[in-house]
Amino acid sequence: MSPEKSTEGGHNADRETSEAEELRLEAAAETAGGQLPPPAAAVGTTIKPAPDAAPGVLERIVTGSGLVSVLAVLMALVVGGVLIALTDEDTTAAAGYLFNRPGDFFAAAWDAAAGAYYSLFQGSIVNVEAESFTRAIYPLTQTLTTATPLICAGLGVALAFRAGLFNIGAQGQIIIGAALAGWVGFTWQLPMALHLLLVIVAGLLGGAIWGGIAGLLKARTGAHEVIVTIMLNYVAIQLVAYLLTTPGFQREGSNNPISPQLNESAMFPKLLGDSFRLHWGFVLAIAATVFVWWLLNRSTVGFELRAVGANPDAARNAGISTTKGYVVVMLIAGALSGLAGVSQVSGTERVLTADVAASFGFDAITVALLGRSTPWGTFAAGLLFGAFRAGGVAMQTNTGTSIDIVLVVQSLIVLFIAAPPLVRSLFRIPPPGAFRTTRKSAEAAGGAA
């Protein structure tokens, strides 16, 4: 066959292929209602899929971790209510004739649980039976006062969590911060504004030093921060107990381990007047929450800390110093816990004792977990645990329910928070991204059809 005929045959084949392609496109246009597919599809060019649409508000609420936290709290309250009912005398008495009169048993169980939680509400939010407005809102101010150190220390724990560190040493950081702030408060004689400012700075510095020790050991030697911070807790407890027996810290004329009262110029002013214990330390807790939010979401340092927490190797390859990140985050976390110590010694207790930190440092771990290590989530969790602490006393006084039930509820919250698949399965909550996966499957099925 001559080259001319071969070329002519090739052109004929191309024309036949082009005509067949045009017929296919026309048929597809008729099927699609007259809309031709994009030219790129006709010539076989790869089309990049459109990016996934941002999840809507409802989807974020339904599949987000916030809903899981709320449901975990509700489940803990339900289980706590069952325990309250089972330990109530009237309920156990009615259980003796459960099958004869089951209504008595369930009525007694409901009265026991509802009465205990109602007293918890009255002791932590508002006393609807109070004779004056001051007495009615007094429980709320007690909740805010108790929540102040929980929020500050919880922010310190949460910030370390975001950087991939388990800061179990908030208790010791609170104690050292309170000790240094208290010493400045009852030793120095200065004008009020300056004195209070130096007390705050001393507390921040004390907590930062104690947290920075753990961060430095982690960065330089690889020492596990959990072990180091736990050991530092014991050192702080014993150190302050010893200092309170020395002339520089112990109150003159007293054999008890208690410091002199802080000077008036070193104390936080009352936020709502002398009728309430709420002080300006709560305002500092709000400011600390805003600071941590800004640090994590709007600053370069926060971005580096989150990168180190997400993947240290990738952060290191990107030029971010992980050793520097460990030291910086523990310094800031310790300072936040030290601020909790300041709020205790300069706002609530106004003296330094060996029990100044109570169990706030350990409760702060639960607060950070419940708040999902986010600033405002930690703030809300601190308020909730402050309500538990403030209302637990009223619950025990009014109903005889042991205050230990509050600890049980807190422990159950941690249990449910630590097992989000359990909560999701019980309430049939779809996992994050489930809606987008369903939409993609539907779109793929529609495209195939």
# chains A, B, ... in the order shown; residues from 1 in each chain; ligands from 1

$ residues_around --residues "segment 131-147 of chain A" --least-positions-apart "6" --cutoff "6 Å" --atoms "only C-alpha atoms" --output "JSON, numbers by chain"
{"A": [123, 124, 125, 278, 382, 383, 386, 387, 390]}

$ write_last_selection --atoms "C-alpha atoms" --output "PDB file, in the first residue's frame"
ATOM      1  CA  GLY A 123     -25.699  25.524  96.858  1.00  0.00           C
ATOM      2  CA  SER A 124     -23.914  26.303  93.620  1.00  0.00           C
ATOM      3  CA  ILE A 125     -26.130  28.407  91.347  1.00  0.00           C
ATOM      4  CA  LEU A 278     -15.592  36.625  95.064  1.00  0.00           C
ATOM      5  CA  GLY A 382     -13.715  24.804  85.609  1.00  0.00           C
ATOM      6  CA  LEU A 383     -17.062  26.454  86.272  1.00  0.00           C
ATOM      7  CA  GLY A 386     -16.456  24.761  90.866  1.00  0.00           C
ATOM      8  CA  ALA A 387     -20.210  24.240  91.095  1.00  0.00           C
ATOM      9  CA  ALA A 390     -19.488  24.695  96.125  1.00  0.00           C
TER      10      ALA A 390
END

$ residues_around --residues "Ala158 of chain A" --least-positions-apart "3" --cutoff "10 Å" --atoms "only C-alpha atoms" --output "CSV table (one decimal) with N, CA and C atoms, in the first residue's frame"
chain,number,residue,atom,x,y,z
A,152,CYS,N,-7.5,28.4,86.2
A,152,CYS,CA,-6.1,28.8,85.9
A,152,CYS,C,-5.2,27.6,85.8
A,153,ALA,N,-5.3,26.7,86.8
A,153,ALA,CA,-4.5,25.4,86.7
A,153,ALA,C,-4.9,24.6,85.6
A,154,GLY,N,-6.2,24.5,85.3
A,154,GLY,CA,-6.7,23.7,84.1
A,154,GLY,C,-6.1,24.2,82.8
A,155,LEU,N,-6.0,25.5,82.7
A,155,LEU,CA,-5.4,26.1,81.5
A,155,LEU,C,-3.9,25.7,81.3
A,161,PHE,N,-1.0,19.8,77.4
A,161,PHE,CA,-1.5,18.7,76.6
A,161,PHE,C,-1.5,19.0,75.1
A,162,ARG,N,-1.7,20.3,74.7
A,162,ARG,CA,-1.7,20.7,73.3
A,162,ARG,C,-0.3,20.6,72.7
A,163,ALA,N,0.7,20.7,73.6
A,163,ALA,CA,2.1,20.5,73.1
A,163,ALA,C,2.6,19.1,73.3
A,164,GLY,N,1.7,18.2,73.6
A,164,GLY,CA,2.1,16.8,73.7
A,164,GLY,C,2.7,16.4,75.0
A,165,LEU,N,2.6,17.2,76.0
A,165,LEU,CA,3.2,16.9,77.4
A,165,LEU,C,2.1,16.7,78.4
A,166,PHE,N,2.3,15.7,79.3
A,166,PHE,CA,1.3,15.5,80.4
A,166,PHE,C,1.8,16.2,81.6
A,167,ASN,N,1.3,17.3,81.9
A,167,ASN,CA,1.7,18.1,83.0
A,167,ASN,C,0.9,17.7,84.2
A,292,VAL,N,-4.5,32.4,76.7
A,292,VAL,CA,-4.2,31.1,76.1
A,292,VAL,C,-4.9,30.9,74.8
A,333,ALA,N,2.8,27.0,81.3
A,333,ALA,CA,1.9,26.2,82.0
A,333,ALA,C,2.1,26.3,83.5
A,364,ALA,N,-7.5,19.8,88.3
A,364,ALA,CA,-7.2,20.6,87.0
A,364,ALA,C,-7.0,19.6,85.8
A,365,ILE,N,-6.5,18.4,86.1
A,365,ILE,CA,-6.3,17.5,85.0
A,365,ILE,C,-7.6,17.0,84.5
A,366,THR,N,-8.6,16.8,85.4
A,366,THR,CA,-9.9,16.4,84.9
A,366,THR,C,-10.6,17.6,84.2
A,367,VAL,N,-10.4,18.8,84.7
A,367,VAL,CA,-10.9,20.0,84.0
A,367,VAL,C,-10.4,20.1,82.6
A,368,ALA,N,-9.1,19.9,82.4
A,368,ALA,CA,-8.5,20.0,81.1
A,368,ALA,C,-9.0,18.9,80.2
A,369,LEU,N,-9.2,17.7,80.7
A,369,LEU,CA,-9.7,16.6,79.9
A,369,LEU,C,-11.2,16.9,79.5
A,370,LEU,N,-12.0,17.4,80.4
A,370,LEU,CA,-13.4,17.7,80.1
A,370,LEU,C,-13.5,18.8,79.1
A,371,GLY,N,-12.6,19.8,79.2
A,371,GLY,CA,-12.6,20.9,78.3
A,371,GLY,C,-11.9,20.6,77.0
A,372,ARG,N,-11.5,19.3,76.7
A,372,ARG,CA,-10.9,18.9,75.5
A,372,ARG,C,-9.6,19.8,75.2
A,373,SER,N,-8.9,20.2,76.3
A,373,SER,CA,-7.7,21.0,76.1
A,373,SER,C,-7.9,22.3,75.3
A,374,THR,N,-9.0,22.8,75.3
A,374,THR,CA,-9.3,24.1,74.6
A,374,THR,C,-9.5,25.1,75.7
A,375,PRO,N,-9.1,26.4,75.4
A,375,PRO,CA,-9.2,27.4,76.5
A,375,PRO,C,-10.6,27.6,77.0
A,377,GLY,N,-13.2,25.7,76.5
A,377,GLY,CA,-13.8,24.4,77.1
A,377,GLY,C,-13.3,24.2,78.5
A,378,THR,N,-12.0,24.5,78.7
A,378,THR,CA,-11.4,24.4,80.1
A,378,THR,C,-12.1,25.4,81.0

$ select_by_dssp --residues "segment 117-168 of chain A" --states "alpha helix (DSSP H)" --output "MDAnalysis selection string"
chainID A and resid 117:124 133:162

$ write_last_selection --atoms "N, CA and C atoms" --output "short mmCIF file (atom, residue, chain, number, x, y, z; two decimals), in the first residue's frame"
data_model
loop_
_atom_site.label_atom_id
_atom_site.label_comp_id
_atom_site.auth_asym_id
_atom_site.auth_seq_id
_atom_site.Cartn_x
_atom_site.Cartn_y
_atom_site.Cartn_z
N TYR A 117 -29.73 16.55 94.07
CA TYR A 117 -29.30 17.44 92.98
C TYR A 117 -29.93 18.82 93.11
N TYR A 118 -31.13 18.88 93.68
CA TYR A 118 -31.73 20.20 93.90
C TYR A 118 -30.93 20.99 94.94
N SER A 119 -30.50 20.31 95.98
CA SER A 119 -29.65 20.97 96.98
C SER A 119 -28.31 21.36 96.38
N LEU A 120 -27.78 20.51 95.47
CA LEU A 120 -26.54 20.86 94.79
C LEU A 120 -26.72 22.12 93.95
N PHE A 121 -27.86 22.24 93.29
CA PHE A 121 -28.16 23.43 92.50
C PHE A 121 -28.30 24.66 93.40
N GLN A 122 -29.01 24.51 94.50
CA GLN A 122 -29.18 25.64 95.41
C GLN A 122 -27.87 26.10 96.03
N GLY A 123 -26.97 25.17 96.24
CA GLY A 123 -25.70 25.52 96.86
C GLY A 123 -24.65 26.01 95.90
N SER A 124 -24.94 25.93 94.59
CA SER A 124 -23.91 26.30 93.62
C SER A 124 -24.36 27.35 92.61
N PHE A 133 -31.91 39.07 97.82
CA PHE A 133 -31.18 38.86 96.57
C PHE A 133 -29.73 38.50 96.85
N THR A 134 -29.15 39.11 97.88
CA THR A 134 -27.76 38.83 98.21
C THR A 134 -27.57 37.37 98.57
N ARG A 135 -28.46 36.85 99.40
CA ARG A 135 -28.36 35.45 99.78
C ARG A 135 -28.70 34.53 98.62
N ALA A 136 -29.53 34.99 97.69
CA ALA A 136 -29.93 34.15 96.56
C ALA A 136 -28.77 33.90 95.60
N ILE A 137 -27.96 34.94 95.34
CA ILE A 137 -26.87 34.78 94.38
C ILE A 137 -25.55 34.43 95.06
N TYR A 138 -25.55 34.33 96.39
CA TYR A 138 -24.32 33.98 97.09
C TYR A 138 -23.74 32.64 96.62
N PRO A 139 -24.57 31.60 96.39
CA PRO A 139 -24.01 30.34 95.89
C PRO A 139 -23.27 30.50 94.55
N LEU A 140 -23.79 31.33 93.66
CA LEU A 140 -23.13 31.53 92.37
C LEU A 140 -21.76 32.15 92.57
N THR A 141 -21.66 33.11 93.46
CA THR A 141 -20.36 33.74 93.71
C THR A 141 -19.39 32.74 94.34
N GLN A 142 -19.91 31.83 95.15
CA GLN A 142 -19.04 30.80 95.71
C GLN A 142 -18.52 29.87 94.62
N THR A 143 -19.38 29.56 93.66
CA THR A 143 -18.95 28.73 92.53
C THR A 143 -17.84 29.42 91.75
N LEU A 144 -18.01 30.70 91.47
CA LEU A 144 -16.99 31.43 90.71
C LEU A 144 -15.69 31.53 91.49
N THR A 145 -15.79 31.71 92.80
CA THR A 145 -14.58 31.78 93.63
C THR A 145 -13.83 30.46 93.61
N THR A 146 -14.58 29.37 93.76
CA THR A 146 -13.95 28.05 93.77
C THR A 146 -13.41 27.68 92.40
N ALA A 147 -14.08 28.15 91.35
CA ALA A 147 -13.66 27.82 89.99
C ALA A 147 -12.39 28.56 89.56
N THR A 148 -12.07 29.65 90.21
CA THR A 148 -10.93 30.48 89.78
C THR A 148 -9.62 29.70 89.73
N PRO A 149 -9.19 29.04 90.82
CA PRO A 149 -7.93 28.26 90.71
C PRO A 149 -8.06 27.06 89.78
N LEU A 150 -9.27 26.49 89.68
CA LEU A 150 -9.45 25.36 88.77
C LEU A 150 -9.24 25.78 87.32
N ILE A 151 -9.75 26.96 86.97
CA ILE A 151 -9.60 27.45 85.60
C ILE A 151 -8.14 27.73 85.29
N CYS A 152 -7.46 28.44 86.20
CA CYS A 152 -6.06 28.80 85.94
C CYS A 152 -5.18 27.56 85.83
N ALA A 153 -5.30 26.66 86.79
CA ALA A 153 -4.49 25.44 86.74
C ALA A 153 -4.90 24.55 85.57
N GLY A 154 -6.20 24.49 85.28
CA GLY A 154 -6.66 23.70 84.14
C GLY A 154 -6.10 24.21 82.83
N LEU A 155 -5.98 25.52 82.69
CA LEU A 155 -5.38 26.09 81.48
C LEU A 155 -3.92 25.66 81.35
N GLY A 156 -3.21 25.61 82.47
CA GLY A 156 -1.82 25.16 82.43
C GLY A 156 -1.70 23.72 81.98
N VAL A 157 -2.57 22.87 82.50
CA VAL A 157 -2.55 21.46 82.10
C VAL A 157 -2.96 21.31 80.63
N ALA A 158 -4.01 22.04 80.22
CA ALA A 158 -4.49 21.96 78.84
C ALA A 158 -3.45 22.44 77.84
N LEU A 159 -2.75 23.50 78.18
CA LEU A 159 -1.72 24.02 77.28
C LEU A 159 -0.61 23.01 77.08
N ALA A 160 -0.21 22.34 78.15
CA ALA A 160 0.82 21.30 78.03
C ALA A 160 0.31 20.14 77.20
N PHE A 161 -0.97 19.78 77.38
CA PHE A 161 -1.55 18.72 76.57
C PHE A 161 -1.46 19.04 75.08
N ARG A 162 -1.73 20.29 74.73
CA ARG A 162 -1.71 20.68 73.32
C ARG A 162 -0.30 20.57 72.73
#

$ closest_residue --among "A:Arg428, A:Leu232, A:Leu67, A:Ala109" --to "Ala85 of chain A" --atoms "only C-alpha atoms"
A:Ala109

$ atom_distance --atom1 "atom CA of Ala241 of chain A" --atom2 "atom CA of Leu198 of chain A"
23.5 Å

$ closest_residue --among "A:Leu426, A:Ala266, A:Val345, A:Ala354" --to "Gly172 of chain A" --atoms "only C-alpha atoms"
A:Ala354

$ residues_around --residues "Tyr234 of chain A" --least-positions-apart "5" --cutoff "10 Å" --atoms "only C-alpha atoms" --output "ChimeraX atom specification"
/A:169,171-172,229,239

$ write_last_selection --atoms "N, CA and C atoms" --output "mmCIF file, in the first residue's frame"
data_model
loop_
_atom_site.group_PDB
_atom_site.id
_atom_site.type_symbol
_atom_site.label_atom_id
_atom_site.label_comp_id
_atom_site.auth_asym_id
_atom_site.auth_seq_id
_atom_site.Cartn_x
_atom_site.Cartn_y
_atom_site.Cartn_z
ATOM 1 N N GLY A 169 2.017 18.035 87.197
ATOM 2 C CA GLY A 169 2.609 18.757 88.316
ATOM 3 C C GLY A 169 1.948 20.059 88.665
ATOM 4 N N GLN A 171 -0.244 20.618 90.866
ATOM 5 C CA GLN A 171 -0.354 20.736 92.317
ATOM 6 C C GLN A 171 0.890 21.389 92.906
ATOM 7 N N GLY A 172 2.045 20.900 92.516
ATOM 8 C CA GLY A 172 3.278 21.493 93.023
ATOM 9 C C GLY A 172 3.492 22.906 92.533
ATOM 10 N N THR A 229 7.179 15.547 87.066
ATOM 11 C CA THR A 229 6.202 16.442 87.691
ATOM 12 C C THR A 229 5.586 15.825 88.946
ATOM 13 N N LEU A 239 8.444 20.798 100.976
ATOM 14 C CA LEU A 239 9.200 22.037 101.116
ATOM 15 C C LEU A 239 8.382 23.110 101.822
#

$ closest_residue --among "A:Gly347, A:Pro260, A:Pro430, A:Gly177" --to "Ala208 of chain A" --atoms "only C-alpha atoms"
A:Gly177

$ residues_around --residues "Ala315 of chain A" --least-positions-apart "3" --cutoff "12 Å" --atoms "only C-alpha atoms" --output "ChimeraX atom specification"
/A:163,303-312,318-325

$ closest_residue --among "A:Val393, A:Ile213, A:Ile175, A:Val328" --to "Phe360 of chain A" --atoms "only C-alpha atoms"
A:Ile175

$ closest_residue --among "A:Ser265, A:Asp90, A:Phe427, A:Val126" --to "Pro191 of chain A" --atoms "only C-alpha atoms"
A:Ser265
